[in-house]
>>> print(open('query.txt').read())   # compact mmCIF, C-alpha atoms
# COMPACT_ATOMS: atom_id res chain seq x y z
CA MET A 1256 -157.61 200.65 101.73
CA GLU A 1257 -154.90 199.74 99.20
CA SER A 1258 -152.10 197.81 100.77
CA THR A 1259 -148.86 196.70 99.17
CA LYS A 1260 -148.70 193.57 101.27
CA VAL A 1261 -150.76 191.80 103.92
CA LEU A 1262 -149.11 190.26 106.97
CA ASP A 1263 -151.18 187.67 108.79
CA ALA A 1264 -149.93 187.59 112.39
CA LYS A 1265 -153.10 186.08 113.82
CA GLY A 1266 -152.54 183.62 116.63
CA LEU A 1267 -149.01 184.87 117.28
CA ALA A 1268 -148.15 186.03 120.79
CA CYS A 1269 -146.03 188.97 121.82
CA PRO A 1270 -143.32 189.78 120.69
CA MET A 1271 -143.83 187.93 117.37
CA PRO A 1272 -146.39 190.26 115.73
CA VAL A 1273 -144.06 193.25 116.02
CA VAL A 1274 -141.00 191.16 115.08
CA LYS A 1275 -142.77 190.06 111.87
CA VAL A 1276 -144.02 193.54 111.11
CA LYS A 1277 -140.49 194.88 111.35
CA LYS A 1278 -139.13 192.13 109.05
CA GLU A 1279 -141.80 192.80 106.44
CA MET A 1280 -141.32 196.54 106.60
CA ASP A 1281 -137.60 196.12 106.05
CA GLN A 1282 -138.43 194.50 102.67
CA LEU A 1283 -140.80 197.27 101.53
CA GLN A 1284 -140.10 200.51 99.69
CA SER A 1285 -140.74 203.97 101.04
CA GLY A 1286 -144.44 204.82 100.65
CA ASP A 1287 -145.55 201.16 100.57
CA ILE A 1288 -148.35 200.15 102.90
CA LEU A 1289 -148.31 197.02 105.02
CA GLU A 1290 -151.62 195.69 106.27
CA VAL A 1291 -151.30 193.70 109.50
CA LEU A 1292 -153.80 191.29 111.03
CA ALA A 1293 -153.19 190.28 114.65
CA THR A 1294 -155.09 188.73 117.52
CA ASP A 1295 -152.66 189.34 120.39
CA LYS A 1296 -154.15 192.10 122.54
CA GLY A 1297 -150.72 193.54 123.23
CA ALA A 1298 -150.49 194.42 119.53
CA LYS A 1299 -153.18 197.07 120.01
CA SER A 1300 -150.81 199.39 121.83
CA ASP A 1301 -147.46 197.95 120.74
CA ILE A 1302 -147.83 198.21 116.95
CA PRO A 1303 -148.76 201.91 117.07
CA ALA A 1304 -145.97 202.50 119.61
CA TRP A 1305 -143.48 200.67 117.39
CA ALA A 1306 -144.60 202.64 114.32
CA LYS A 1307 -144.07 205.90 116.16
CA SER A 1308 -140.71 204.86 117.55
CA SER A 1309 -139.45 203.58 114.17
CA GLY A 1310 -140.59 206.67 112.27
CA ASN A 1311 -143.17 204.86 110.14
CA GLU A 1312 -146.73 206.07 109.88
CA LEU A 1313 -149.74 204.22 111.20
CA ILE A 1314 -152.42 205.43 108.81
CA LYS A 1315 -155.38 203.40 110.00
CA GLU A 1316 -156.40 200.85 112.60
CA ASP A 1317 -159.54 198.80 112.86
CA GLN A 1318 -160.99 195.82 114.67
CA GLU A 1319 -163.25 193.11 113.32
CA ASP A 1320 -164.45 190.60 115.91
CA ASN A 1321 -161.20 189.65 117.62
CA VAL A 1322 -158.91 190.56 114.76
CA LEU A 1323 -156.94 193.78 115.06
CA LYS A 1324 -156.03 195.46 111.77
CA PHE A 1325 -153.32 198.02 111.12
CA TRP A 1326 -152.16 199.82 108.01
CA ILE A 1327 -148.59 201.11 108.25
CA LYS A 1328 -146.94 203.31 105.64
CA LYS A 1329 -143.21 202.95 105.30
CA ALA A 1330 -141.27 206.16 105.81
CA MET B 1262 -125.27 181.59 130.26
CA ALA B 1263 -128.95 181.08 130.35
CA ILE B 1264 -132.24 182.72 130.99
CA LYS B 1265 -134.06 181.87 134.20
CA ALA B 1266 -137.61 182.41 135.34
CA MET B 1267 -138.21 184.54 138.42
CA LYS B 1268 -141.59 184.09 140.07
CA ALA B 1269 -143.77 186.98 141.22
CA GLY B 1270 -143.44 185.63 144.78
CA GLU B 1271 -139.66 185.94 144.60
CA VAL B 1272 -139.95 189.53 143.42
CA ALA B 1273 -142.44 190.21 146.25
CA LYS B 1274 -139.92 188.94 148.82
CA LYS B 1275 -137.23 191.16 147.34
CA VAL B 1276 -139.52 194.17 147.62
CA ILE B 1277 -140.39 193.35 151.25
CA ASN B 1278 -136.79 192.54 152.24
CA LYS B 1279 -135.55 195.64 150.38
CA ASP B 1280 -133.14 193.53 148.32
CA ASP B 1281 -131.30 194.89 145.30
CA LEU B 1282 -132.77 194.20 141.89
CA PHE B 1283 -132.25 195.81 138.51
CA ILE B 1284 -135.28 195.67 136.23
CA VAL B 1285 -135.42 196.20 132.49
CA ASP B 1286 -139.08 196.77 131.71
CA VAL B 1287 -139.64 196.14 128.00
CA ARG B 1288 -143.30 197.18 127.78
CA ASN B 1289 -144.24 200.29 125.84
CA ASN B 1290 -143.71 203.69 127.48
CA ASP B 1291 -147.37 204.31 128.31
CA ALA B 1292 -147.74 201.02 130.15
CA TYR B 1293 -144.55 201.66 132.10
CA ASP B 1294 -145.48 205.23 132.99
CA ASP B 1295 -148.89 204.06 134.21
CA TRP B 1296 -147.61 201.33 136.46
CA LYS B 1297 -144.42 199.40 137.22
CA ILE B 1298 -142.67 197.27 139.84
CA GLU B 1299 -141.26 199.46 142.57
CA GLY B 1300 -139.17 198.90 145.66
CA GLU B 1301 -136.72 200.72 147.87
CA ASN B 1302 -133.70 199.04 146.30
CA ILE B 1303 -135.19 198.30 142.93
CA THR B 1304 -133.83 200.23 139.98
CA SER B 1305 -135.81 200.04 136.80
CA ILE B 1306 -135.38 201.31 133.28
CA ASN B 1307 -137.90 201.22 130.43
CA ARG B 1308 -136.68 200.03 127.01
CA PRO B 1309 -139.59 198.78 124.85
CA TYR B 1310 -138.81 195.40 123.28
CA PHE B 1311 -139.67 196.68 119.81
CA ASP B 1312 -136.78 199.13 120.03
CA LEU B 1313 -134.43 196.23 120.75
CA LEU B 1314 -135.14 194.19 117.62
CA ASP B 1315 -131.96 195.43 115.92
CA GLY B 1316 -129.78 194.48 118.85
CA VAL B 1317 -129.22 195.00 122.54
CA GLU B 1318 -125.67 196.41 122.52
CA ASP B 1319 -126.76 199.85 123.71
CA LEU B 1320 -128.88 198.34 126.45
CA VAL B 1321 -126.03 196.12 127.68
CA LYS B 1322 -123.97 199.25 128.41
CA GLU B 1323 -126.64 200.46 130.80
CA LEU B 1324 -126.76 197.29 132.89
CA PRO B 1325 -124.91 196.77 136.15
CA GLU B 1326 -122.49 193.85 135.94
CA ASN B 1327 -122.74 192.56 139.47
CA LYS B 1328 -126.48 192.74 140.10
CA GLU B 1329 -129.31 190.41 139.20
CA VAL B 1330 -131.11 191.75 136.15
CA LEU B 1331 -134.78 190.94 135.66
CA VAL B 1332 -136.49 191.58 132.33
CA VAL B 1333 -140.20 192.34 132.62
CA CYS B 1334 -143.00 192.60 130.07
CA ALA B 1335 -146.78 192.38 130.00
CA LYS B 1336 -147.20 188.63 129.78
CA GLU B 1337 -143.80 186.97 129.46
CA GLY B 1338 -142.95 186.41 125.79
CA SER B 1339 -141.13 189.65 125.08
CA SER B 1340 -139.14 189.48 128.29
CA GLN B 1341 -137.90 185.99 127.39
CA PHE B 1342 -136.96 187.28 123.97
CA VAL B 1343 -134.99 190.22 125.36
CA ALA B 1344 -133.43 188.16 128.17
CA GLU B 1345 -132.19 185.67 125.56
CA GLU B 1346 -130.69 188.43 123.45
CA LEU B 1347 -128.98 189.90 126.52
CA SER B 1348 -127.68 186.54 127.60
CA GLU B 1349 -126.27 185.84 124.15
CA ALA B 1350 -124.66 189.26 123.92
CA THR B 1351 -122.99 189.11 127.33
CA GLY B 1352 -122.58 185.45 128.24
CA ARG B 1353 -124.28 186.16 131.57
CA ASP B 1354 -127.48 184.89 133.18
CA PHE B 1355 -130.64 186.94 132.89
CA TYR B 1356 -134.00 186.55 134.59
CA TYR B 1357 -137.44 187.10 133.15
CA LEU B 1358 -140.61 187.60 135.18
CA GLU B 1359 -142.72 184.46 134.92
CA GLY B 1360 -146.19 185.42 133.73
CA GLY B 1361 -145.15 189.06 133.34
CA MET B 1362 -146.95 192.04 134.84
CA LYS B 1363 -150.23 190.13 134.60
CA THR B 1364 -149.00 187.64 137.20
CA TRP B 1365 -147.31 190.36 139.24
CA SER B 1366 -150.60 192.24 139.33
CA GLU B 1367 -152.36 189.16 140.67
CA HIS B 1368 -149.82 187.86 143.14
CA LEU B 1369 -150.87 187.84 146.80
CA GLU B 1370 -148.16 187.64 149.43
CA PRO B 1371 -149.57 186.27 152.71
CA VAL B 1372 -148.15 187.61 155.97
CA LYS B 1373 -149.22 186.77 159.51
CA LEU B 1374 -150.32 189.80 161.52
CA GLY B 1375 -150.68 188.10 164.86
CA ASP B 1376 -152.63 185.84 167.17
CA LEU B 1377 -155.83 186.94 168.81
CA GLU B 1378 -156.23 186.95 172.55
CA GLY B 1379 -158.47 184.01 173.34
CA GLY B 1380 -157.37 182.11 170.23
CA GLY B 1381 -157.38 182.63 166.51
CA SER B 1382 -155.03 184.41 164.11
CA VAL B 1383 -155.17 187.09 161.46
CA TYR B 1384 -153.36 186.98 158.13
CA GLN B 1385 -152.96 189.78 155.62
CA PHE B 1386 -152.67 189.19 151.89
CA VAL B 1387 -150.58 191.91 150.31
CA ARG B 1388 -151.17 192.46 146.62
CA LEU B 1389 -147.97 194.39 145.95
CA GLY B 1390 -148.72 194.91 142.29
CA LYS B 1391 -151.92 196.81 142.96
CA GLY B 1392 -151.86 197.86 146.60
CA CYS B 1393 -154.88 195.78 147.64
CA LEU B 1394 -155.00 194.26 151.10
CA SER B 1395 -157.31 191.40 152.03
CA TYR B 1396 -157.51 189.29 155.14
CA MET B 1397 -158.12 185.84 156.53
CA ILE B 1398 -159.21 185.48 160.14
CA VAL B 1399 -158.72 181.98 161.47
CA SER B 1400 -160.65 180.45 164.34
CA GLY B 1401 -159.57 176.83 164.68
CA ASP B 1402 -160.60 175.05 161.49
CA GLU B 1403 -162.95 177.84 160.44
CA GLY B 1404 -162.02 180.98 158.57
CA ALA B 1405 -163.45 184.35 157.63
CA MET B 1406 -162.27 186.62 154.83
CA VAL B 1407 -162.34 190.40 154.73
CA ASP B 1408 -162.42 192.11 151.32
CA PRO B 1409 -161.28 189.01 149.42
CA LEU B 1410 -160.20 189.51 145.81
CA ARG B 1411 -161.28 187.48 142.80
CA LEU B 1412 -158.02 185.49 143.05
CA THR B 1413 -159.77 182.86 145.09
CA ASP B 1414 -157.43 179.97 144.23
CA GLN B 1415 -154.66 181.67 146.20
CA TYR B 1416 -156.86 181.93 149.32
CA GLU B 1417 -158.07 178.37 148.89
CA ALA B 1418 -154.51 177.06 148.66
CA PHE B 1419 -153.56 179.00 151.78
CA ALA B 1420 -156.66 177.84 153.67
CA GLU B 1421 -155.95 174.26 152.73
CA LYS B 1422 -152.40 174.54 154.03
CA LEU B 1423 -153.77 175.77 157.37
CA GLY B 1424 -156.55 173.15 157.37
CA VAL B 1425 -159.18 175.87 157.41
CA LYS B 1426 -162.54 176.15 155.71
CA VAL B 1427 -163.49 179.76 154.94
CA LEU B 1428 -167.19 180.16 155.65
CA HIS B 1429 -167.68 183.89 156.29
CA MET B 1430 -166.89 186.39 153.54
CA PHE B 1431 -167.14 190.10 154.35
CA ASP B 1432 -166.96 192.98 151.90
CA THR B 1433 -166.64 196.31 153.72
CA HIS B 1434 -168.21 197.99 150.68
CA LEU B 1435 -169.01 197.53 147.02
CA HIS B 1436 -165.54 197.77 145.49
CA ALA B 1437 -164.73 199.95 142.49
CA ASP B 1438 -161.06 199.16 142.02
CA HIS B 1439 -161.04 195.38 142.04
CA ILE B 1440 -163.40 192.51 141.47
CA SER B 1441 -164.57 190.94 144.70
CA GLY B 1442 -164.02 187.28 145.45
CA GLY B 1443 -166.53 187.26 148.31
CA ARG B 1444 -169.50 185.85 146.48
CA ARG B 1445 -167.38 183.30 144.56
CA LEU B 1446 -165.74 181.98 147.71
CA ALA B 1447 -169.09 181.73 149.48
CA GLU B 1448 -170.52 179.77 146.55
CA LYS B 1449 -167.55 177.43 146.55
CA THR B 1450 -167.43 176.70 150.27
CA GLY B 1451 -171.15 176.92 150.97
CA GLY B 1452 -170.41 179.90 153.21
CA THR B 1453 -172.07 183.26 153.68
CA TYR B 1454 -171.36 186.47 151.80
CA TYR B 1455 -171.89 189.64 153.82
CA LEU B 1456 -172.29 192.99 152.07
CA PRO B 1457 -173.52 196.35 153.42
CA PRO B 1458 -177.14 196.64 152.24
CA LYS B 1459 -176.88 200.31 151.26
CA ASP B 1460 -174.20 199.41 148.73
CA ALA B 1461 -176.21 196.46 147.49
CA GLU B 1462 -179.44 198.01 146.29
CA GLU B 1463 -178.77 197.02 142.71
CA VAL B 1464 -177.10 193.64 143.19
CA THR B 1465 -178.52 190.67 141.34
CA PHE B 1466 -177.69 187.93 143.86
CA ASN B 1467 -178.52 186.90 147.42
CA PHE B 1468 -176.32 188.05 150.26
CA GLU B 1469 -176.45 188.51 154.01
CA PRO B 1470 -176.84 192.20 154.92
CA LEU B 1471 -173.94 193.57 156.94
CA GLU B 1472 -175.82 196.02 159.09
CA ASP B 1473 -174.56 198.39 161.77
CA GLY B 1474 -174.11 196.59 165.08
CA LYS B 1475 -174.35 193.10 163.62
CA GLU B 1476 -172.19 190.56 165.44
CA ILE B 1477 -170.96 187.29 164.03
CA THR B 1478 -169.13 184.83 166.26
CA PHE B 1479 -167.46 181.94 164.48
CA GLY B 1480 -165.27 178.88 164.92
CA PRO B 1481 -163.91 176.98 167.93
CA ASP B 1482 -162.09 180.07 169.24
CA LYS B 1483 -165.33 182.08 169.14
CA VAL B 1484 -163.78 184.97 167.23
CA LYS B 1485 -166.15 187.94 167.29
CA VAL B 1486 -166.68 190.18 164.27
CA LYS B 1487 -168.70 193.33 164.85
CA ALA B 1488 -169.98 195.62 162.08
CA VAL B 1489 -169.79 199.40 162.55
CA TYR B 1490 -171.41 201.61 159.93
CA THR B 1491 -168.82 204.14 158.68
CA PRO B 1492 -170.04 205.57 155.34
CA GLY B 1493 -168.22 208.04 153.11
CA HIS B 1494 -166.21 206.17 150.48
CA THR B 1495 -169.49 204.57 149.54
CA ILE B 1496 -172.83 205.08 151.25
CA GLY B 1497 -172.72 201.55 152.67
CA SER B 1498 -169.08 201.43 153.81
CA THR B 1499 -168.94 199.42 157.03
CA SER B 1500 -165.96 198.75 159.28
CA LEU B 1501 -165.35 195.54 161.20
CA VAL B 1502 -164.01 195.24 164.73
CA VAL B 1503 -162.53 191.83 165.54
CA ASN B 1504 -162.16 190.80 169.21
CA ASP B 1505 -161.78 194.47 170.13
CA THR B 1506 -158.24 194.23 168.71
CA TYR B 1507 -158.37 194.85 164.99
CA LEU B 1508 -160.31 197.50 163.07
CA PHE B 1509 -160.89 196.72 159.38
CA THR B 1510 -161.46 200.11 157.80
CA GLY B 1511 -162.01 199.10 154.16
CA ASP B 1512 -161.49 202.16 151.95
CA ILE B 1513 -162.45 204.74 154.59
CA LEU B 1514 -159.14 205.08 156.41
CA PHE B 1515 -155.70 204.09 155.13
CA LEU B 1516 -152.38 204.38 156.94
CA ASP B 1517 -151.17 207.36 154.96
CA SER B 1518 -154.37 208.76 153.49
CA ILE B 1519 -158.15 208.62 153.62
CA GLY B 1520 -160.83 207.31 151.27
CA ARG B 1521 -162.19 209.24 148.34
CA PRO B 1522 -165.93 209.78 148.13
CA ASP B 1523 -166.34 210.06 144.37
CA LEU B 1524 -166.17 206.57 142.88
CA ALA B 1525 -169.90 206.03 142.89
CA GLY B 1526 -170.49 209.49 141.43
CA LEU B 1527 -171.73 211.21 144.59
CA ALA B 1528 -168.70 212.95 146.05
CA GLU B 1529 -170.50 216.06 147.26
CA ASP B 1530 -173.25 214.08 148.97
CA TRP B 1531 -170.93 211.84 150.86
CA VAL B 1532 -168.34 214.30 152.15
CA GLY B 1533 -170.29 214.80 155.37
CA ASP B 1534 -170.58 211.06 155.93
CA LEU B 1535 -166.86 210.61 155.38
CA ARG B 1536 -166.08 213.37 157.86
CA GLU B 1537 -168.42 211.93 160.46
CA SER B 1538 -166.91 208.45 160.09
CA LEU B 1539 -163.32 209.64 160.33
CA TYR B 1540 -163.63 212.43 162.87
CA VAL B 1541 -166.44 211.16 165.12
CA ARG B 1542 -167.10 207.44 164.86
CA TYR B 1543 -163.53 206.20 164.77
CA LYS B 1544 -162.57 208.77 167.39
CA LYS B 1545 -165.04 207.24 169.84
CA MET B 1546 -163.54 203.78 169.42
CA ASN B 1547 -160.84 202.11 171.45
CA GLN B 1548 -157.74 204.01 170.29
CA ASP B 1549 -155.55 200.94 170.71
CA LEU B 1550 -157.33 199.18 167.86
CA LEU B 1551 -154.98 198.13 165.08
CA VAL B 1552 -156.17 199.60 161.80
CA LEU B 1553 -156.21 197.23 158.82
CA PRO B 1554 -157.20 198.99 155.60
CA ALA B 1555 -158.16 197.49 152.24
CA HIS B 1556 -155.26 199.27 150.50
CA PHE B 1557 -151.83 200.67 150.96
CA GLY B 1558 -150.64 203.59 148.86
CA LYS B 1559 -146.89 203.63 149.25
CA LEU B 1560 -144.39 200.88 149.95
CA LYS B 1561 -143.16 202.70 153.04
CA GLU B 1562 -146.44 201.71 154.70
CA LEU B 1563 -145.17 198.12 154.82
CA ASP B 1564 -143.16 197.24 157.93
CA GLU B 1565 -140.03 195.07 157.82
CA GLN B 1566 -142.16 191.92 157.60
CA GLY B 1567 -144.34 193.30 154.84
CA ARG B 1568 -147.31 194.02 157.14
CA VAL B 1569 -149.54 197.05 156.81
CA GLU B 1570 -151.09 197.97 160.18
CA ALA B 1571 -151.10 200.88 162.60
CA ARG B 1572 -152.67 201.88 165.93
CA LEU B 1573 -155.71 204.07 165.54
CA GLU B 1574 -154.31 206.61 167.99
CA ASP B 1575 -151.11 206.90 165.97
CA LEU B 1576 -153.07 207.59 162.82
CA TYR B 1577 -154.85 210.46 164.58
CA GLU B 1578 -151.40 211.96 165.09
CA GLU B 1579 -149.73 211.13 161.78
CA ASN B 1580 -152.29 210.73 159.02
CA GLU B 1581 -152.77 214.05 157.23
CA GLY B 1582 -156.33 213.17 156.34
CA LEU B 1583 -157.20 213.19 160.05
CA GLN B 1584 -155.69 216.60 160.83
CA VAL B 1585 -158.15 218.87 159.04
CA GLU B 1586 -160.08 221.02 161.51
CA ASP B 1587 -162.07 223.03 159.02
CA ASP B 1588 -165.12 221.50 157.31
CA ASN B 1589 -164.62 223.42 154.08
CA GLU B 1590 -160.97 222.58 153.89
CA PHE B 1591 -161.90 218.94 154.35
CA ARG B 1592 -164.52 219.15 151.63
CA LYS B 1593 -161.94 220.62 149.27
CA MET B 1594 -159.40 217.97 150.11
CA VAL B 1595 -161.69 215.06 149.31
CA THR B 1596 -163.48 216.50 146.27
CA GLU B 1597 -160.89 218.58 144.43
CA ASN B 1598 -157.70 217.60 142.65
CA LEU B 1599 -158.35 213.92 143.15
CA PRO B 1600 -156.11 211.44 141.35
CA PRO B 1601 -157.60 209.85 138.21
CA GLN B 1602 -160.23 207.24 138.93
CA PRO B 1603 -159.15 203.58 138.91
CA ASN B 1604 -159.14 201.83 135.53
CA SER B 1605 -162.56 200.51 134.50
CA TYR B 1606 -164.08 201.44 137.85
CA LYS B 1607 -167.60 201.59 136.47
CA GLU B 1608 -167.35 198.16 134.87
CA ILE B 1609 -165.82 196.77 138.05
CA ARG B 1610 -168.76 198.06 140.09
CA GLN B 1611 -171.18 196.49 137.61
CA THR B 1612 -169.32 193.21 137.92
CA ASN B 1613 -169.44 193.34 141.70
CA MET B 1614 -173.19 193.93 141.51
CA GLY B 1615 -173.55 190.82 139.37
CA LYS B 1616 -174.90 192.84 136.44
CA VAL B 1617 -172.15 191.81 134.05
CA THR B 1618 -170.07 188.64 133.98
CA PRO B 1619 -166.74 189.19 132.24
CA ASP B 1620 -164.50 186.21 131.46
CA SER B 1621 -161.27 185.87 133.38
CA GLU B 1622 -159.16 187.54 130.69
CA GLU B 1623 -161.47 190.55 130.70
CA GLU B 1624 -161.35 190.64 134.50
CA THR B 1625 -157.57 190.75 134.41
CA GLU B 1626 -157.69 193.55 131.86
CA MET B 1627 -160.14 195.57 133.98
CA GLU B 1628 -157.90 195.43 137.03
CA ILE B 1629 -154.61 196.24 135.29
CA GLY B 1630 -152.96 199.42 136.47
CA PRO B 1631 -152.51 201.16 139.77
CA ASN B 1632 -155.05 201.41 142.56
CA ARG B 1633 -156.50 204.83 143.19
CA CYS B 1634 -158.95 204.61 146.06
CA ALA B 1635 -157.28 207.19 148.27
CA VAL B 1636 -157.52 210.96 147.97
CA SER B 1637 -153.79 211.25 147.41
>>> encode(input="query.txt", output="structure tokens")
Amino acid sequence: MESTKVLDAKGLACPMPVVKVKKEMDQLQSGDILEVLATDKGAKSDIPAWAKSSGNELIKEDQEDNVLKFWIKKA
Amino acid sequence: MAIKAMKAGEVAKKVINKDDLFIVDVRNNDAYDDWKIEGENITSINRPYFDLLDGVEDLVKELPENKEVLVVCAKEGSSQFVAEELSEATGRDFYYLEGGMKTWSEHLEPVKLGDLEGGGSVYQFVRLGKGCLSYMIVSGDEGAMVDPLRLTDQYEAFAEKLGVKVLHMFDTHLHADHISGGRRLAEKTGGTYYLPPKDAEEVTFNFEPLEDGKEITFGPDKVKVKAVYTPGHTIGSTSLVVNDTYLFTGDILFLDSIGRPDLAGLAEDWVGDLRESLYVRYKKMNQDLLVLPAHFGKLKELDEQGRVEARLEDLYEENEGLQVEDDNEFRKMVTENLPPQPNSYKEIRQTNMGKVTPDSEEETEMEIGPNRCAVS
């Protein structure tokens, strides 16, 4: 999947993955896609929940070994 | 102004003492709706931390000014973050829950139930976060455990404080809602692990069969534990009578409800067993026995000291699960409209059979969430 930017949040513990995602998203333009890599298990439910609450669109999620991957499209 | 840690044990005491506490739970809505800290004088609101990244001004307006405010999250990090923001915004002190809901879920609060006639004492471990009850019976320097949880370090620390070696571990049945600590404790102390054989047909380890009528006398005070077969929650479910004073009912009979027969997939088959155990076998017993279940469902079951116990005779008057005259009505009650099954109950059963060996993080994950072993 084409992403505008990749955010590596691996190894970061809650709340940092979501904090970083928000910061990155604030820099992006509407329609841009941020790809997020995270290892904190809390991210699995919190990133989708944040996306919903902030009005952005989670277009895909995936997991490879212990790395969680999310693609979020800016509203 | 500062942020301060509050330990799970301190929260447990507030719940038991019915103290005031205001909780801001910053987990996501689903997690909060599934399961949260509750208490008679605990007020809680749910504001996910990721909605507070732009500021906490709106949240501050919702907080009481003269009450302790505790911020709670899954593990700890987000609650510290929010507590710091709140403290900065208001200049007041805020608490965060040390170890988060994970630690709350695992905290055991020990309470003494009483001394046994002829010597010995019984302690109850109340797992407020999940509703599990487990027990230590002390006979001089020797101890027995009933339905011990996997959180064995907490029992070991308590036993050490009392100068007791726990050598007899009893599981009333193969548990589906939590991972048993019975086998682990027995391995550690060189003690014996007792399990009802009918629940243990698929287990991969050695155990001592807990058969109907079996009597074990232990320790200097010669405390007597007698097994009474009372199936229905599982086909092996076995109750324990200690010194003709206490009746450990496992997941067959609770204070406010009765066991559900469906967690091993055989609800219809076991309804008759459950009825026989509750309406015939317990009825024939000494009605002054004090019932000690493996779970509580609601906080009101705890007395002012945090204990969960009741006379058998009183339960025959008050417990709705014991008032059903009609067989069909009973069948309906225990097989229809049951609450959802406990989280990961199949995996938990596999773990308790020794078929799978999850690491401790996976074990924690499996047990997260409320307990649902009762029919209501």
>>> residues_near_point(input="query.txt", point="(-171.8, 188.1, 139.5)", cutoff="12 Å", atoms="only C-alpha atoms", output="VMD selection string")
chain B and resid 1411 1440 to 1446 1448 1463 to 1468 1608 to 1620 1624
>>> interface_residues(input="query.txt", of="chain B", to="chain A", cutoff="12 Å", atoms="only C-alpha atoms", output="number ranges by chain")
B: 1287-1292, 1308-1315, 1334-1343, 1361, 1363, 1622-1623, 1626
>>> write_last_selection(input="query.txt", atoms="C-alpha atoms", output="mmCIF file, keeping the file's coordinate frame")
data_model
loop_
_atom_site.group_PDB
_atom_site.id
_atom_site.type_symbol
_atom_site.label_atom_id
_atom_site.label_comp_id
_atom_site.auth_asym_id
_atom_site.auth_seq_id
_atom_site.Cartn_x
_atom_site.Cartn_y
_atom_site.Cartn_z
ATOM 1 C CA VAL B 1287 -139.640 196.140 128.000
ATOM 2 C CA ARG B 1288 -143.300 197.180 127.780
ATOM 3 C CA ASN B 1289 -144.240 200.290 125.840
ATOM 4 C CA ASN B 1290 -143.710 203.690 127.480
ATOM 5 C CA ASP B 1291 -147.370 204.310 128.310
ATOM 6 C CA ALA B 1292 -147.740 201.020 130.150
ATOM 7 C CA ARG B 1308 -136.680 200.030 127.010
ATOM 8 C CA PRO B 1309 -139.590 198.780 124.850
ATOM 9 C CA TYR B 1310 -138.810 195.400 123.280
ATOM 10 C CA PHE B 1311 -139.670 196.680 119.810
ATOM 11 C CA ASP B 1312 -136.780 199.130 120.030
ATOM 12 C CA LEU B 1313 -134.430 196.230 120.750
ATOM 13 C CA LEU B 1314 -135.140 194.190 117.620
ATOM 14 C CA ASP B 1315 -131.960 195.430 115.920
ATOM 15 C CA CYS B 1334 -143.000 192.600 130.070
ATOM 16 C CA ALA B 1335 -146.780 192.380 130.000
ATOM 17 C CA LYS B 1336 -147.200 188.630 129.780
ATOM 18 C CA GLU B 1337 -143.800 186.970 129.460
ATOM 19 C CA GLY B 1338 -142.950 186.410 125.790
ATOM 20 C CA SER B 1339 -141.130 189.650 125.080
ATOM 21 C CA SER B 1340 -139.140 189.480 128.290
ATOM 22 C CA GLN B 1341 -137.900 185.990 127.390
ATOM 23 C CA PHE B 1342 -136.960 187.280 123.970
ATOM 24 C CA VAL B 1343 -134.990 190.220 125.360
ATOM 25 C CA GLY B 1361 -145.150 189.060 133.340
ATOM 26 C CA LYS B 1363 -150.230 190.130 134.600
ATOM 27 C CA GLU B 1622 -159.160 187.540 130.690
ATOM 28 C CA GLU B 1623 -161.470 190.550 130.700
ATOM 29 C CA GLU B 1626 -157.690 193.550 131.860
#
>>> residues_around(input="query.txt", residues="Glu1316 of chain A", least_positions_apart="2", cutoff="7 Å", atoms="all atoms listed in the file", output="PyMOL selection string")
chain A and resi 1324-1326
>>> atom_distance(input="query.txt", atom1="atom CA of Asp1549 of chain B", atom2="atom CA of Lys1391 of chain B")
28.3 Å
>>> residues_around(input="query.txt", residues="segment 1432-1437 of chain B", least_positions_apart="4", cutoff="7 Å", atoms="only C-alpha atoms", output="ChimeraX atom specification")
/B:1407-1408,1441,1443,1455-1457,1460,1495,1497-1500,1511,1524,1606-1607,1609-1610,1613
>>> residues_around(input="query.txt", residues="segment 1367-1373 of chain B", least_positions_apart="4", cutoff="6 Å", atoms="all atoms listed in the file", output="ChimeraX atom specification")
/B:1384-1388
